Structure formats: structure tokens, C-alpha cells
Amino acid sequence: MTEAKTGTEAELAAMWRDLLGVPAVGPGDDFFEAGGTSLTAIKLLQRVEKRFGPDALSPDTLYDDPRLGSVAAAIDESARHG
């Protein structure tokens, strides 16, 4: 398990732990392999929207590369170009 590289990654990891009921997640962990379903994905997208803004993460991005580090990077990239 690797420590979060960014604040976004740390916040996202906390969301995943809460939604998935897992004790720890790292940057290379896959949301769906960790137990995520389409329903928990919707819940995650709602939390991300509430915390980071309405266009911070698209469902396509989550499904295309559901690793924690990649999703956090996509959120950060969205914020830079927001």
C-alpha cells in the first residue's frame, strides 16, 4: 500500500474506504476490483461532485480507468482546466 501522492488522492481514498467498506486503498487500486458496483460508482460520483464540483469527474473517466491514482489525476486535471 502506498501513501496518497496528492490531497485529492487522499480525499478520494477516504471516499472509497467509506463507500466500499475497505480499510485501505492505494493509488493502483481499482474501484471495481475493490468491490465497487454501478450503484457505488453513482454514489462516488455524487460525492466527488459535491466536494470538487459538477464537472470534476465524468462517469466515462471512472469506467475507463478506475484506479485511484488515475481518478484523482483526472479530478486534478479537470480543476486545472475548469
# chains A, B, ... in the order shown; residues from 1 in each chain; ligands from 1
call {"tool": "residues_around", "arguments": {"residues": "range 42-46 of chain A", "least_positions_apart": "6", "cutoff": "12 Å", "atoms": "only C-alpha atoms", "output": "MDAnalysis selection string"}}
result
chainID A and resid 11:20 31:32 36 52:63 66 68 71 75
call {"tool": "write_last_selection", "arguments": {"atoms": "C-alpha atoms", "output": "PDB file, in the first residue's frame"}}
result
ATOM      1  CA  GLU A  11      -9.744  12.645  -0.116  1.00  0.00           C
ATOM      2  CA  LEU A  12     -10.775  10.206  -2.831  1.00  0.00           C
ATOM      3  CA  ALA A  13      -9.225   7.316  -0.883  1.00  0.00           C
ATOM      4  CA  ALA A  14     -11.320   8.279   2.144  1.00  0.00           C
ATOM      5  CA  MET A  15     -14.460   8.246  -0.030  1.00  0.00           C
ATOM      6  CA  TRP A  16     -13.562   4.808  -1.385  1.00  0.00           C
ATOM      7  CA  ARG A  17     -12.877   3.390   2.087  1.00  0.00           C
ATOM      8  CA  ASP A  18     -16.247   4.652   3.291  1.00  0.00           C
ATOM      9  CA  LEU A  19     -18.249   3.514   0.249  1.00  0.00           C
ATOM     10  CA  LEU A  20     -16.528   0.152  -0.180  1.00  0.00           C
ATOM     11  CA  PHE A  31     -12.536   0.837  -7.739  1.00  0.00           C
ATOM     12  CA  PHE A  32     -14.443  -2.118  -9.169  1.00  0.00           C
ATOM     13  CA  GLY A  36     -17.338  -1.156  -6.361  1.00  0.00           C
ATOM     14  CA  PHE A  52     -14.893  19.020  -6.249  1.00  0.00           C
ATOM     15  CA  GLY A  53     -17.637  20.485  -8.444  1.00  0.00           C
ATOM     16  CA  PRO A  54     -20.143  19.317 -11.052  1.00  0.00           C
ATOM     17  CA  ASP A  55     -17.673  18.620 -13.867  1.00  0.00           C
ATOM     18  CA  ALA A  56     -14.837  17.187 -11.784  1.00  0.00           C
ATOM     19  CA  LEU A  57     -15.302  13.547 -12.851  1.00  0.00           C
ATOM     20  CA  SER A  58     -17.323  12.025 -15.657  1.00  0.00           C
ATOM     21  CA  PRO A  59     -18.711   8.501 -15.429  1.00  0.00           C
ATOM     22  CA  ASP A  60     -16.728   7.617 -18.577  1.00  0.00           C
ATOM     23  CA  THR A  61     -13.483   8.573 -16.876  1.00  0.00           C
ATOM     24  CA  LEU A  62     -14.286   6.418 -13.860  1.00  0.00           C
ATOM     25  CA  TYR A  63     -15.159   3.412 -16.012  1.00  0.00           C
ATOM     26  CA  PRO A  66     -10.925   3.152 -12.299  1.00  0.00           C
ATOM     27  CA  LEU A  68      -7.443   5.556  -7.513  1.00  0.00           C
ATOM     28  CA  VAL A  71      -9.239   9.037 -10.999  1.00  0.00           C
ATOM     29  CA  ILE A  75     -10.122  15.293 -10.980  1.00  0.00           C
TER      30      ILE A  75
END
call {"tool": "residues_around", "arguments": {"residues": "Arg67 in chain A", "least_positions_apart": "4", "cutoff": "6 Å", "atoms": "only C-alpha atoms", "output": "list in words"}}
result
Gly28, Asp29 and Asp30 of chain A
call {"tool": "write_last_selection", "arguments": {"atoms": "N, CA, C and O atoms", "output": "tab-separated table (two decimals), in the first residue's frame"}}
result
chain	number	residue	atom	x	y	z
A	28	GLY	N	-2.84	2.44	-6.98
A	28	GLY	CA	-3.03	1.45	-8.04
A	28	GLY	C	-4.28	0.61	-7.90
A	28	GLY	O	-4.58	-0.22	-8.75
A	29	ASP	N	-5.04	0.82	-6.81
A	29	ASP	CA	-6.24	0.01	-6.59
A	29	ASP	C	-7.36	0.42	-7.53
A	29	ASP	O	-7.59	1.60	-7.78
A	30	ASP	N	-8.06	-0.59	-8.03
A	30	ASP	CA	-9.15	-0.43	-8.98
A	30	ASP	C	-10.47	-0.37	-8.20
A	30	ASP	O	-10.74	-1.25	-7.37
call {"tool": "closest_residue", "arguments": {"among": "A:Ser38, A:Glu49, A:Ser70, A:Asp64", "to": "Gly26 in chain A", "atoms": "only C-alpha atoms"}}
result
A:Ser70
call {"tool": "select_by_dssp", "arguments": {"residues": "chain A", "states": "alpha helix (DSSP H)", "output": "mmCIF file with C-alpha atoms, in the first residue's frame"}}
result
data_model
loop_
_atom_site.group_PDB
_atom_site.id
_atom_site.type_symbol
_atom_site.label_atom_id
_atom_site.label_comp_id
_atom_site.auth_asym_id
_atom_site.auth_seq_id
_atom_site.Cartn_x
_atom_site.Cartn_y
_atom_site.Cartn_z
ATOM 1 C CA GLY A 7 -4.635 15.888 -1.377
ATOM 2 C CA THR A 8 -7.177 14.873 -3.987
ATOM 3 C CA GLU A 9 -5.942 11.293 -3.868
ATOM 4 C CA ALA A 10 -6.190 11.269 -0.064
ATOM 5 C CA GLU A 11 -9.744 12.645 -0.116
ATOM 6 C CA LEU A 12 -10.775 10.206 -2.831
ATOM 7 C CA ALA A 13 -9.225 7.316 -0.883
ATOM 8 C CA ALA A 14 -11.320 8.279 2.144
ATOM 9 C CA MET A 15 -14.460 8.246 -0.030
ATOM 10 C CA TRP A 16 -13.562 4.808 -1.385
ATOM 11 C CA ARG A 17 -12.877 3.390 2.087
ATOM 12 C CA ASP A 18 -16.247 4.652 3.291
ATOM 13 C CA LEU A 19 -18.249 3.514 0.249
ATOM 14 C CA LEU A 20 -16.528 0.152 -0.180
ATOM 15 C CA SER A 38 -22.529 0.593 -10.636
ATOM 16 C CA LEU A 39 -24.535 1.748 -7.598
ATOM 17 C CA THR A 40 -21.465 2.623 -5.530
ATOM 18 C CA ALA A 41 -19.989 4.325 -8.618
ATOM 19 C CA ILE A 42 -23.039 6.616 -8.721
ATOM 20 C CA LYS A 43 -22.607 7.358 -5.019
ATOM 21 C CA LEU A 44 -18.921 8.104 -5.588
ATOM 22 C CA LEU A 45 -19.711 10.436 -8.489
ATOM 23 C CA GLN A 46 -22.203 12.286 -6.272
ATOM 24 C CA ARG A 47 -19.615 12.719 -3.516
ATOM 25 C CA VAL A 48 -16.955 13.852 -5.971
ATOM 26 C CA GLU A 49 -19.391 16.377 -7.464
ATOM 27 C CA LYS A 50 -20.301 17.712 -4.026
ATOM 28 C CA ARG A 51 -16.650 18.060 -2.990
ATOM 29 C CA PHE A 52 -14.893 19.020 -6.249
ATOM 30 C CA PRO A 59 -18.711 8.501 -15.429
ATOM 31 C CA ASP A 60 -16.728 7.617 -18.577
ATOM 32 C CA THR A 61 -13.483 8.573 -16.876
ATOM 33 C CA LEU A 62 -14.286 6.418 -13.860
ATOM 34 C CA TYR A 63 -15.159 3.412 -16.012
ATOM 35 C CA ASP A 64 -12.244 3.874 -18.457
ATOM 36 C CA LEU A 68 -7.443 5.556 -7.513
ATOM 37 C CA GLY A 69 -4.397 7.433 -8.782
ATOM 38 C CA SER A 70 -5.866 7.834 -12.270
ATOM 39 C CA VAL A 71 -9.239 9.037 -10.999
ATOM 40 C CA ALA A 72 -7.544 11.549 -8.665
ATOM 41 C CA ALA A 73 -5.364 12.788 -11.536
ATOM 42 C CA ALA A 74 -8.453 13.232 -13.724
ATOM 43 C CA ILE A 75 -10.122 15.293 -10.980
ATOM 44 C CA ASP A 76 -6.998 17.445 -10.623
ATOM 45 C CA GLU A 77 -6.768 17.880 -14.391
ATOM 46 C CA SER A 78 -10.417 18.936 -14.522
ATOM 47 C CA ALA A 79 -9.768 21.532 -11.805
ATOM 48 C CA ARG A 80 -6.811 22.973 -13.753
ATOM 49 C CA HIS A 81 -8.925 23.384 -16.879
#
